[in-house]
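> Pasting a structure below so you can have a look.
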Amino acid sequence: MVALALDGVMTYDLACAVQAFRHGPDKTGEGRGFEMRTCGIRPGPVWTPNGFDLRVDYGLELLDEAEIVVVPGIGLPTLPPPPEVVDALRAAAERGATMVSICVGAFVLARAGLLDGRPATTHWAYCAEFAELFPAVRLDPGALYVDDGDVLTSAGLSAGLDLCLHLVRRELGAGFAAELARWNVTPPHREGGQAQYIPDALGRSGDGASGLAATMAWAAANPAVAPDVSALARHALMSERTFIRRFKAEVGATPRRWLEAQRTARARELLETTDLPVEVVAAQAGFGSVTALRTHLRAATGATPAGYRRSLRR
């Protein structure tokens, strides 16, 4: 894996990738998943808008063999990147590398033509400019992140870490991703389809997402304790109708869909990390039956519980 630090790189975006892909969930700081290096256009200093410069030891030649290329955002995203950057990114994609952008790094991928005809997202504040510059991209201005297989894009700031954790989960499994999320003191899973907290959504909800935070943390820690949406509403001390309206406004998904995603994530973690019978996995994840577990797991992964477990233990 290679992160590309262009002049003007947003250090928070780069740090999200480093924290997720290079640092292991332990006190040593040693990675246990991906081998990650950072490059610039050439070895040497890289200017940042954050009050300090970075220094990288590698140039664009690192992209020649990278299996995953991560492009953090840059301070002036509407400016075209140098031609050699565009050529290197296109060559990496044509070779089969997975291309990932964080925040306004999507502008760089779009300049290389790698998002044409594809779904993608970026920071909500830049969506109008992005749509005007790149009409061939199927922009989703509200999504936290978009996984289109070999091309992944995220919204800004914390959504970048969400995307990185999603990629860890996709490549290394839910158990490792959950452990890494705990180390980073962040929720283990937010669906890409959840909404960015754009001003319109905050205006509708009044006090932002904080009013539901305790209930979401309670349910995410053990989905089995929240059997249905009414249980979530009771925990939040709201009527069910008010809770559903607030949840959709603040989170961008229905409570039922969100709860099903938490159950599926918990089931995947248990299948990966334990030998519990499938019936016990279904119960501990909050599914009412093995049939329900099988239906949701197949929708998320294309596999049955037994097949999913076998595929990870070959």
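Just remember, in the structure tokens the first chain shown is A, the second B, etc., residues are 1-based per chain, and ligands are 1-based in the order shown.
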Return as an mmCIF file with N, CA and C atoms, in the first residue's frame the full set of residues in region 80-133 of chain A whose backbone-based DSSP assignment is strand (DSSP E).

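Result file is result_25.cif:
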data_model
loop_
_atom_site.group_PDB
_atom_site.id
_atom_site.type_symbol
_atom_site.label_atom_id
_atom_site.label_comp_id
_atom_site.auth_asym_id
_atom_site.auth_seq_id
_atom_site.Cartn_x
_atom_site.Cartn_y
_atom_site.Cartn_z
ATOM 1 N N THR A 98 -6.028 -1.098 -6.394
ATOM 2 C CA THR A 98 -7.216 -0.494 -5.802
ATOM 3 C C THR A 98 -6.903 0.961 -5.503
ATOM 4 N N MET A 99 -7.765 1.861 -5.956
ATOM 5 C CA MET A 99 -7.535 3.298 -5.814
ATOM 6 C C MET A 99 -8.475 3.850 -4.752
ATOM 7 N N VAL A 100 -7.908 4.592 -3.806
ATOM 8 C CA VAL A 100 -8.664 5.099 -2.659
ATOM 9 C C VAL A 100 -8.397 6.588 -2.520
ATOM 10 N N SER A 101 -9.454 7.380 -2.343
ATOM 11 C CA SER A 101 -9.266 8.798 -2.042
ATOM 12 C C SER A 101 -9.925 9.128 -0.718
ATOM 13 N N PRO A 119 -19.820 5.701 -9.185
ATOM 14 C CA PRO A 119 -20.314 6.427 -8.011
ATOM 15 C C PRO A 119 -19.132 6.867 -7.155
ATOM 16 N N ALA A 120 -19.235 8.045 -6.571
ATOM 17 C CA ALA A 120 -18.150 8.577 -5.744
ATOM 18 C C ALA A 120 -18.706 9.642 -4.827
#
> Which polymer residues have any atom within 10 Å of an atom of Cys16 (chain A), counting only C-alpha atoms, with same-chain residues fewer than 2 positions away left out, as a VMD selection string?
chain A and resid 11 to 14 18 to 22 72 102 157 to 165
> Do a neighbour search on Ala221 (chain A) at 9 Å with only C-alpha atoms, toss out local chain neighbours closer than 5 positions, and write the hits as a PyMOL selection string.
chain A and resi 216+262+266
> Give me, please, the distance in Å between CA of Val46 (chain A) and CA of Trp124 (chain A), quoted to one decimal.
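Between these atoms lies a distance of 26.2 Å.
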> I need the residues of region 87-271 of chain A that end up classed as helix (DSSP H, G or I) by DSSP on the backbone, written out as a PyMOL selection string.
chain A and resi 87-95+103-111+124-133+158-172+174-183+199-205+210-221+223-225+229-235+240-251+255-271
> Can you tell me, as a PDB file with N, CA, C and O atoms, in the first residue's frame, what residues are no more than 6 Å from Val9 (chain A) when counting only C-alpha atoms, ignoring any on the same chain fewer than 5 positions away?

ATOM      1  N   THR A  48       2.742  21.443   3.307  1.00  0.00           N
ATOM      2  CA  THR A  48       1.384  21.237   3.788  1.00  0.00           C
ATOM      3  C   THR A  48       0.807  22.586   4.200  1.00  0.00           C
ATOM      4  O   THR A  48       1.558  23.522   4.539  1.00  0.00           O
ATOM      5  N   GLY A  73      -6.554  14.254   0.610  1.00  0.00           N
ATOM      6  CA  GLY A  73      -6.924  15.527   0.030  1.00  0.00           C
ATOM      7  C   GLY A  73      -5.772  16.518   0.022  1.00  0.00           C
ATOM      8  O   GLY A  73      -4.782  16.362   0.742  1.00  0.00           O
ATOM      9  N   ILE A  74      -5.905  17.554  -0.807  1.00  0.00           N
ATOM     10  CA  ILE A  74      -4.922  18.638  -0.870  1.00  0.00           C
ATOM     11  C   ILE A  74      -5.640  19.962  -0.638  1.00  0.00           C
ATOM     12  O   ILE A  74      -6.852  20.075  -0.842  1.00  0.00           O
TER      13      ILE A  74
END
> Pick from A:Leu114, A:Ala106, A:Leu172, A:Met1: nearest to Glu65 (chain A), with only C-alpha atoms counted?
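Checking each of A:Leu114, A:Ala106, A:Leu172, A:Met1 against Glu65 (chain A), counting only C-alpha atoms, the winner is A:Met1.
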> Would you kindly return, as a VMD selection string, each protein, DNA or RNA residue with an atom no farther than 9 Å from any atom of Asp147 (chain A), considering only C-alpha atoms and excluding same-chain residues fewer than 2 positions away?
chain A and resid 119 to 120 145 149 to 154 163 166 to 167 192
> Smallest atom-to-atom distance to Leu89 (chain A): which of A:Arg118, A:Tyr126, A:His235, A:Ala3, using only C-alpha atoms?
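The closest residue to Leu89 (chain A) is A:Ala3.
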> As a PyMOL selection string, please: the residues near region 281-295 of chain A (cut-off 8 Å, only C-alpha atoms, same-chain neighbours under 2 positions excluded).
chain A and resi 222-227+263-264+266-267+270-271+276-279+297-299+304-305
> Please produce an output containing N, CA and C atoms for each residue in the selection, written as a PDB file, in the first residue's frame.

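Everything below was put into out.pdb:
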ATOM      1  N   ASN A 222     -23.549  -4.142  21.723  1.00  0.00           N
ATOM      2  CA  ASN A 222     -24.147  -5.484  21.750  1.00  0.00           C
ATOM      3  C   ASN A 222     -25.535  -5.390  21.149  1.00  0.00           C
ATOM      4  N   PRO A 223     -25.663  -5.619  19.853  1.00  0.00           N
ATOM      5  CA  PRO A 223     -26.956  -5.441  19.184  1.00  0.00           C
ATOM      6  C   PRO A 223     -28.070  -6.304  19.766  1.00  0.00           C
ATOM      7  N   ALA A 224     -27.720  -7.375  20.462  1.00  0.00           N
ATOM      8  CA  ALA A 224     -28.749  -8.249  21.013  1.00  0.00           C
ATOM      9  C   ALA A 224     -29.554  -7.570  22.120  1.00  0.00           C
ATOM     10  N   VAL A 225     -29.008  -6.518  22.726  1.00  0.00           N
ATOM     11  CA  VAL A 225     -29.739  -5.865  23.817  1.00  0.00           C
ATOM     12  C   VAL A 225     -30.843  -4.959  23.274  1.00  0.00           C
ATOM     13  N   ALA A 226     -30.811  -4.690  21.978  1.00  0.00           N
ATOM     14  CA  ALA A 226     -31.826  -3.837  21.360  1.00  0.00           C
ATOM     15  C   ALA A 226     -32.605  -4.656  20.341  1.00  0.00           C
ATOM     16  N   PRO A 227     -33.660  -5.342  20.755  1.00  0.00           N
ATOM     17  CA  PRO A 227     -34.363  -6.251  19.841  1.00  0.00           C
ATOM     18  C   PRO A 227     -35.088  -5.569  18.699  1.00  0.00           C
ATOM     19  N   ARG A 263     -25.921  -5.592  13.635  1.00  0.00           N
ATOM     20  CA  ARG A 263     -26.042  -7.035  13.880  1.00  0.00           C
ATOM     21  C   ARG A 263     -25.189  -7.836  12.907  1.00  0.00           C
ATOM     22  N   THR A 264     -25.209  -7.427  11.649  1.00  0.00           N
ATOM     23  CA  THR A 264     -24.411  -8.147  10.661  1.00  0.00           C
ATOM     24  C   THR A 264     -22.921  -8.012  10.958  1.00  0.00           C
ATOM     25  N   ARG A 266     -21.559  -7.523  13.884  1.00  0.00           N
ATOM     26  CA  ARG A 266     -21.262  -8.336  15.064  1.00  0.00           C
ATOM     27  C   ARG A 266     -21.218  -9.816  14.710  1.00  0.00           C
ATOM     28  N   ALA A 267     -22.129 -10.263  13.860  1.00  0.00           N
ATOM     29  CA  ALA A 267     -22.132 -11.668  13.446  1.00  0.00           C
ATOM     30  C   ALA A 267     -20.854 -12.011  12.691  1.00  0.00           C
ATOM     31  N   LEU A 270     -18.033 -12.439  15.154  1.00  0.00           N
ATOM     32  CA  LEU A 270     -18.113 -13.699  15.898  1.00  0.00           C
ATOM     33  C   LEU A 270     -17.759 -14.894  15.021  1.00  0.00           C
ATOM     34  N   LEU A 271     -18.183 -14.882  13.769  1.00  0.00           N
ATOM     35  CA  LEU A 271     -17.848 -15.974  12.862  1.00  0.00           C
ATOM     36  C   LEU A 271     -16.350 -16.032  12.589  1.00  0.00           C
ATOM     37  N   LEU A 276     -18.135 -20.486  17.946  1.00  0.00           N
ATOM     38  CA  LEU A 276     -19.506 -20.613  18.443  1.00  0.00           C
ATOM     39  C   LEU A 276     -20.414 -21.190  17.363  1.00  0.00           C
ATOM     40  N   PRO A 277     -21.360 -22.043  17.739  1.00  0.00           N
ATOM     41  CA  PRO A 277     -22.337 -22.537  16.763  1.00  0.00           C
ATOM     42  C   PRO A 277     -23.091 -21.380  16.121  1.00  0.00           C
ATOM     43  N   VAL A 278     -23.544 -21.595  14.912  1.00  0.00           N
ATOM     44  CA  VAL A 278     -24.222 -20.536  14.178  1.00  0.00           C
ATOM     45  C   VAL A 278     -25.455 -20.053  14.939  1.00  0.00           C
ATOM     46  N   GLU A 279     -26.128 -20.952  15.624  1.00  0.00           N
ATOM     47  CA  GLU A 279     -27.311 -20.566  16.395  1.00  0.00           C
ATOM     48  C   GLU A 279     -26.953 -19.563  17.489  1.00  0.00           C
ATOM     49  N   LEU A 297     -26.470 -11.854   6.167  1.00  0.00           N
ATOM     50  CA  LEU A 297     -25.060 -12.096   5.859  1.00  0.00           C
ATOM     51  C   LEU A 297     -24.867 -12.326   4.365  1.00  0.00           C
ATOM     52  N   ARG A 298     -25.789 -13.047   3.752  1.00  0.00           N
ATOM     53  CA  ARG A 298     -25.684 -13.266   2.308  1.00  0.00           C
ATOM     54  C   ARG A 298     -25.803 -11.938   1.556  1.00  0.00           C
ATOM     55  N   ALA A 299     -26.674 -11.045   2.017  1.00  0.00           N
ATOM     56  CA  ALA A 299     -26.823  -9.746   1.361  1.00  0.00           C
ATOM     57  C   ALA A 299     -25.548  -8.917   1.482  1.00  0.00           C
ATOM     58  N   THR A 304     -23.041 -17.819   3.011  1.00  0.00           N
ATOM     59  CA  THR A 304     -23.756 -18.324   4.177  1.00  0.00           C
ATOM     60  C   THR A 304     -22.852 -18.215   5.391  1.00  0.00           C
ATOM     61  N   PRO A 305     -23.395 -18.318   6.610  1.00  0.00           N
ATOM     62  CA  PRO A 305     -22.528 -18.274   7.796  1.00  0.00           C
ATOM     63  C   PRO A 305     -21.415 -19.316   7.757  1.00  0.00           C
TER      64      PRO A 305
END
> Quick one: of A:Gly8, A:Pro82, A:Asp148, A:Ile68, who's nearest to Trp47 (chain A), counting only C-alpha atoms?
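Looking only at the distances to Trp47 (chain A), the closest residue turns out to be A:Gly8.
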> Quick one: residues within 12 Å of Phe107 (chain A), only C-alpha atoms, excluding same-chain residues fewer than 5 positions away - as number ranges by chain?
A: 71-81, 86, 100-102, 112-116, 120-123, 126-127, 129-134, 137, 139, 153-155
> How far is it from CA of Trp183 (chain A) to CA of Glu269 (chain A), in Å with one decimal?
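Calculated distance between CA of Trp183 (chain A) and CA of Glu269 (chain A) is 16.1 Å.
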> Go ahead and compute the interatomic distance for CA of Ala66 (chain A) and CA of Ala92 (chain A), in Å to one decimal.
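So the answer is 7.4 Å.
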> Considering only C-alpha atoms, state which residue in the set A:Ala136, A:Met36, A:Ala265, A:Leu237 is at the smallest distance from Arg169 (chain A).
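Ranking A:Ala136, A:Met36, A:Ala265, A:Leu237 by distance to Arg169 (chain A), first place goes to A:Ala265.
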> Counting only C-alpha atoms, figure out which residue out of A:Asp57, A:Val108, A:Leu63, A:Phe52 gets nearest to Val2 (chain A).
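Among the listed residues, A:Leu63 lies closest to Val2 (chain A).
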> Using only C-alpha atoms, pick whichever of A:Ala5, A:Ala17, A:Phe34, A:Leu144 has the shortest atom-to-atom distance to Gly59 (chain A).
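Ranking A:Ala5, A:Ala17, A:Phe34, A:Leu144 by distance to Gly59 (chain A), first place goes to A:Ala5.
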